[in-house]
Every structure is written in C-alpha cells, then in structure tokens.
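One structure is given below, encoded as structure tokens.
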Amino acid sequence: MDTINMNTTVLKLSENSPSNNDNNFGKIIAVRGSVIDVFFDTKLPCIQSILTIDLPQCDASDINLRGVDKVIIEVLEQRSAKQVRCIALTPTQGLSRGMPVKDSGKPLLAPVGKGIKSRMFDVFGNPIDRQGALANVEWRSVHRAPPALKERSTQSQVFATGIKVIDVLVPLEKGGKAGLFGGAGVGKTVLLTEMIHNMVGNHKGVSIFCGIGERCREGEELYREMKEAGVLSNMVMIFGQMNEPPGSRFRVGQAALTMAEYYRDDEHRDVLLLIDNIFRFIQAGSEVSGLMGQMPSRLGYQPTMGTELAGLEERIANTDNGAITSIQAVYVPADDFTDPAAVHTFSHLSASIVLSRQRAEGLFPAIDPLQSNSKMASPGIVGERHYHLAQKVRSTLAQYAELKDIIAMLGLEQLSPEDRAVVGRARRLERFLTQPFFTTEQFTGHQGKLVSLADSLDGCERILNDEFKDYPESALYMIGNIDEAKYKKTQSKSKGNKPKPETTDSTDSTDIVEFTNKEVADADRQHAP
C-alpha cells in the first residue's frame, strides 16, 4: 500500500463547494499529544468540524515529516466562547503553539459514487492503491443518522457461507449483524477472510471491507488476494490501521458505513460489510476519551461506549431499498466474555460465533457450537428439518461435554451403552464439522472445500443415525461433504495404514466403537473445552 497521504481531502472539499468559513482562522494555544486546543477570536467552529494546520517547510533530512504539509484535526469540545478542543486525525509532529489553524466549516467527508468501486482508501477518502486520482464521486458527511423505524425491513432470510458449522448451527441473517468473538490467535481473521473468499464471488451486491486498528500487512494481503481472485471489481476497501492516531481509527468505521449507505439507499443494492476489528473501534474511542480528560468507567473504558457503539451498529440495517449484511471480528481481551466491550457488542448482533482456544488446538474452524447462537435458528425461518437436526447436534455435543469428566476419571468402559453411543456420535460430529479453508491451503496442504447447506445437513443426519459408527474418526476430519469419508477410508486401507486401536464390545447390542482409556484421555486433553 502507498504511504498514506492525509493532506488532500479537505482542500478538495473546500474547492468543490463554497464555504463562508474561508477566512475563519484561529491559533494553537496548547498541544498535548493528539489533543490540540485552538483559540478563535471571531467565530467558533461547530462540533465535528474539520480544521487544518499548514506545517512550515521542514528540513529535508527529517524523514518523519517528508511529504507531509498539513495536520488535520476534528473539533470535539467547545471549551469556552473562544476556545475549542480537538483530536488529531493525523500525526501531530511539527506542531507548535501560535501556529494558524483554518476552519473548513465542514465535517469529515467520505467519497461515494461509481468511482469508488475496486479502490482502497484511507479515512479521508484518499486512494492508497496507486491507481490514480478519483473520478465520478461526490463527498458526504460520515456523521449520519440510522434509518427511521418506519423505513426498516423486517423480512428474515438466511445468508449462506459455505462453512458447515456456521450454516448448520449458527445461520447468518441477510441484512443482519454477525460477530466472530475470540481472543488473540484463535482464527478470527482467518475465518473472516474465508467468508470473504466464499461469499464475495457469489454476492450479487457490493462488498466493503473496513480495517480498524489491525495490521497493515493484512490489508495489503487481502487487497492482493481479492485482485487475484477477480472479485476486486465489486469491492471497496477502507483502512485505518493500528499505526494511525486514535482519531483516525475512531472515524474509519463511520466512513465505511457512509459508503455502504450510498449503495443501499442510492443504488438500491445489497451490501456485504466486513469489519476487522470492532473492538479496535471501541479501543480507539477509549483512547480519545482518555485524551479528552473524561472520567473512565469500568475497566478503563469510556463512559460513552454504549452510545458510540450503538451509533455505529444501528446504521447497519435493512430497508426497502436494500440490505447491509455485516460480519464483524470482535477481539475478546484475555478470553473474558464478560468484558464490557464484548457484552455491549453481543447485544447488537443477530448471530454470535464464539471461537474457543481449547478447540483451536486441533479442530478448525475453532467454533464452539455450544456458546455460539443465532436468532435465525428457529423452525419458522430455517425449516423444521434444519431446526430439529441442529438441536439434535447441539444436544449430542452437550451430552458429550457433560460426560468428559467421567471419561477422564473412570474411562469410557464405565459408561452405559447409550452414553458410549453418544460419545461416538459427538466425536464424529466434531470432526465432520471441521473444514479445510481455501485461504489456508498453502499452510495446511488441504484443498479448500465449499459445502452446501443440503450436504452439511445430510452429513450430520447420517452421523446421528450411526451410519458412520464403524469409520475411524480421522476419516471424517477435514473433509467437505460426508461422502468424502468413504473415499478417505478406502485410501487409508489401500495404503495399508493401520486404523487407530478400537475394540468392539460383543455384549453391546448397539455395536458401538470403544476407545482405550489412554486414547480418550489424550484426545480430551487436546480438545476438552
């Protein structure tokens, strides 16, 4: 990606539309990191107005200031009749007291229109993809109200992802909000990237990716992968990554939503909005709040966190014009799901997909089916068969979770035949619900699989009916549809591989496969939640 040029947007805005603030100048009276106090002798700027500060010609040897001629700040407080307090949206290096400040008279604006497709932007709407200047666009404020209740659509429709465990147990809603919750390193970004791969090509609307406070490397890799996949022509990307000031990270989500609302309301198209990571939006708000001197609330979060998050999330909505479907990665600090950031985010979502660190040791995607939930999982929406199968899968996995302590202490042979049958089904279901991803082929060596909902339901049903009780568990691990297990078993036999030690109790009328105590204990140490 190009080095971000943060200095052209406000100039463009001033040229494109007349403003009676052209001569409204103030001067800096204090600089505290990203917080700048400005004195205006005549007219005080409005809240959320953008101000610009011209930097003097710097020494050519100063690498940090080379090519930077402006600092952009946003008004957040009016301290008195002649003083405002601002937060910087660009680095403040080079500022000093007494420097002149110009009021643009406008809020932060984002580009919308035909010309933004297939482009990559920063928070100011500057293209950072080395593809030349923008054309055929207009500029709109990033601060917009959510749709009124009378304009919202209430129709519920399932949004397929091609990922078995999600489509069966946690179906997503078209026009809804889904969250991928997990701590560091459990696979949130990998799962989000796989969803992009599976859905963008089949999505008939426009896809917008918003990177908030994450690694610059991930943004560059995503841009390159989407370009190679041939789907970039129907995508827009906007980034405010972790190396940028908190003010920039705090506003980039609103800029992305402004673009999404344009496609929904003006072009009447469905939009797929992917956000990585919504926690970084909350974190940026916390940084801004602390810099502005507000008293922190629980665990150091800003007292206005609920209001700020609702202002962003409520703009993601269905209307009669179109739908904005959002999938959001949500970092959970220290795997604590009672953290205020996670709790507030949960309340806005129609589906919550929880990734487990214990499952991430061997079962991928590491989605915990018992903690994850979706409001779409009801018989009136997904149908009777899908609903009852999903409930039976959950029930089987829940029973196995309850039996793990007994198995660890006494061994599998102490269970009743019925409980041993449940354990066998549950372990095979766990492995069937794993899936090789297209985005990880180069690391795993497994070819990615896209599985239809019908094939996923068929596989779960056949496992629950004990059709695969005599198959080794490895035959169901990392496959697509269930029929691949037969091929995998045949291949294993043809290579002369010995199956895992399994014994069958001849007195057991249900003919359930048993495991040795050591095998079960080893497996449960790896996969027990």
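Residue names in the structure tokens use chain letters A, B, ... in the order shown, residue numbers from 1 in each chain, and ligand numbers from 1 in the order shown.
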
Fill in: Selection: 8 Å around His388 (chain A), only C-alpha atoms, excl. self and same-chain fewer than 4 positions, as a ChimeraX atom specification
/A:379,384,392

Based on DSSP run over this structure's backbone, return all residues of region 237-448 of chain A in strand (DSSP E), as a CSV table (one decimal) with C-alpha atoms, in the first residue's frame.
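After the write, result_37.csv holds the following:
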```csv
chain,number,residue,atom,x,y,z
A,237,MET,CA,-11.7,-1.3,0.9
A,238,ILE,CA,-11.1,1.4,3.6
A,239,PHE,CA,-8.4,1.2,6.3
A,240,GLY,CA,-7.5,3.0,9.5
A,271,VAL,CA,-24.1,-4.6,0.6
A,272,LEU,CA,-21.8,-7.0,2.4
A,273,LEU,CA,-19.9,-5.1,5.1
A,274,LEU,CA,-16.9,-6.8,6.7
A,275,ILE,CA,-15.2,-5.2,9.7
A,276,ASP,CA,-12.0,-6.2,11.3
A,324,ILE,CA,-26.5,-4.1,4.7
A,325,THR,CA,-25.2,-7.5,5.9
A,326,SER,CA,-22.3,-7.1,8.3
A,327,ILE,CA,-19.8,-9.7,9.6
A,328,GLN,CA,-17.5,-8.3,12.3
A,329,ALA,CA,-14.5,-9.7,14.0
A,330,VAL,CA,-14.5,-8.9,17.8
A,331,TYR,CA,-11.4,-9.3,19.8
A,351,ALA,CA,-25.6,-14.1,15.3
A,352,SER,CA,-22.7,-14.6,17.7
A,353,ILE,CA,-19.9,-17.0,16.6
A,354,VAL,CA,-17.6,-17.8,19.5
A,373,ASN,CA,-26.0,-18.8,18.8
A,374,SER,CA,-28.2,-17.2,16.2
```

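Going from CA of Thr434 (chain A) to CA of Ile163 (chain A) covers 8.9 Å.
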
Worksheet item: Gly187 (chain A): which residues within 12 Å, counting only C-alpha atoms, same-chain residues fewer than 5 positions away excluded, as a PyMOL selection string?
Response: chain A and resi 180-182+192-194+329-331+353-357+359-361+363-367+437+439-440

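We find CA of Pro146 (chain A) and CA of Ile212 (chain A) to be spaced 20.6 Å apart.
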
Worksheet item: Residues at most 8 Å from region 445-451 of chain A, counting only C-alpha atoms, excluding those fewer than 4 positions away in the same chain, as a ChimeraX atom specification?
Response: /A:162-164,198,435-441,455-456,478-481

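Separating CA of Lys204 (chain A) from CA of Val158 (chain A) is a distance of 15.0 Å.
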
Worksheet item: Residues of region 199-280 of chain A in alpha helix (DSSP H) according to DSSP, as an NGL selection string?
Response: :A and (199-200 or 216-229 or 246-265 or 278-280)

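Of the listed residues (A:Glu287, A:Glu467, A:Asp129, A:Asp368), A:Glu287 comes nearest to Phe250 (chain A); the distances count only C-alpha atoms.
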
Discussion item. What's around Leu134 (chain A) at 12 Å? Count only C-alpha atoms, leave out sequence neighbours fewer than 2 positions away in its own chain, and write the answer as a PyMOL selection string.
Written reply: chain A and resi 8-9+12+111-121+125-132+136-139

Worksheet, complete the sentence: Using only C-alpha atoms, the best pick from A:Gly205, A:Leu415, A:Arg251, A:Val200 as closest to Met226 (chain A) would be A:Val200

Discussion item. Calculated over only C-alpha atoms, which of the candidates A:Met292, A:Ile381, A:Ala135, A:Val393 has the smallest distance to Asp37 (chain A)?
Written reply: A:Met292
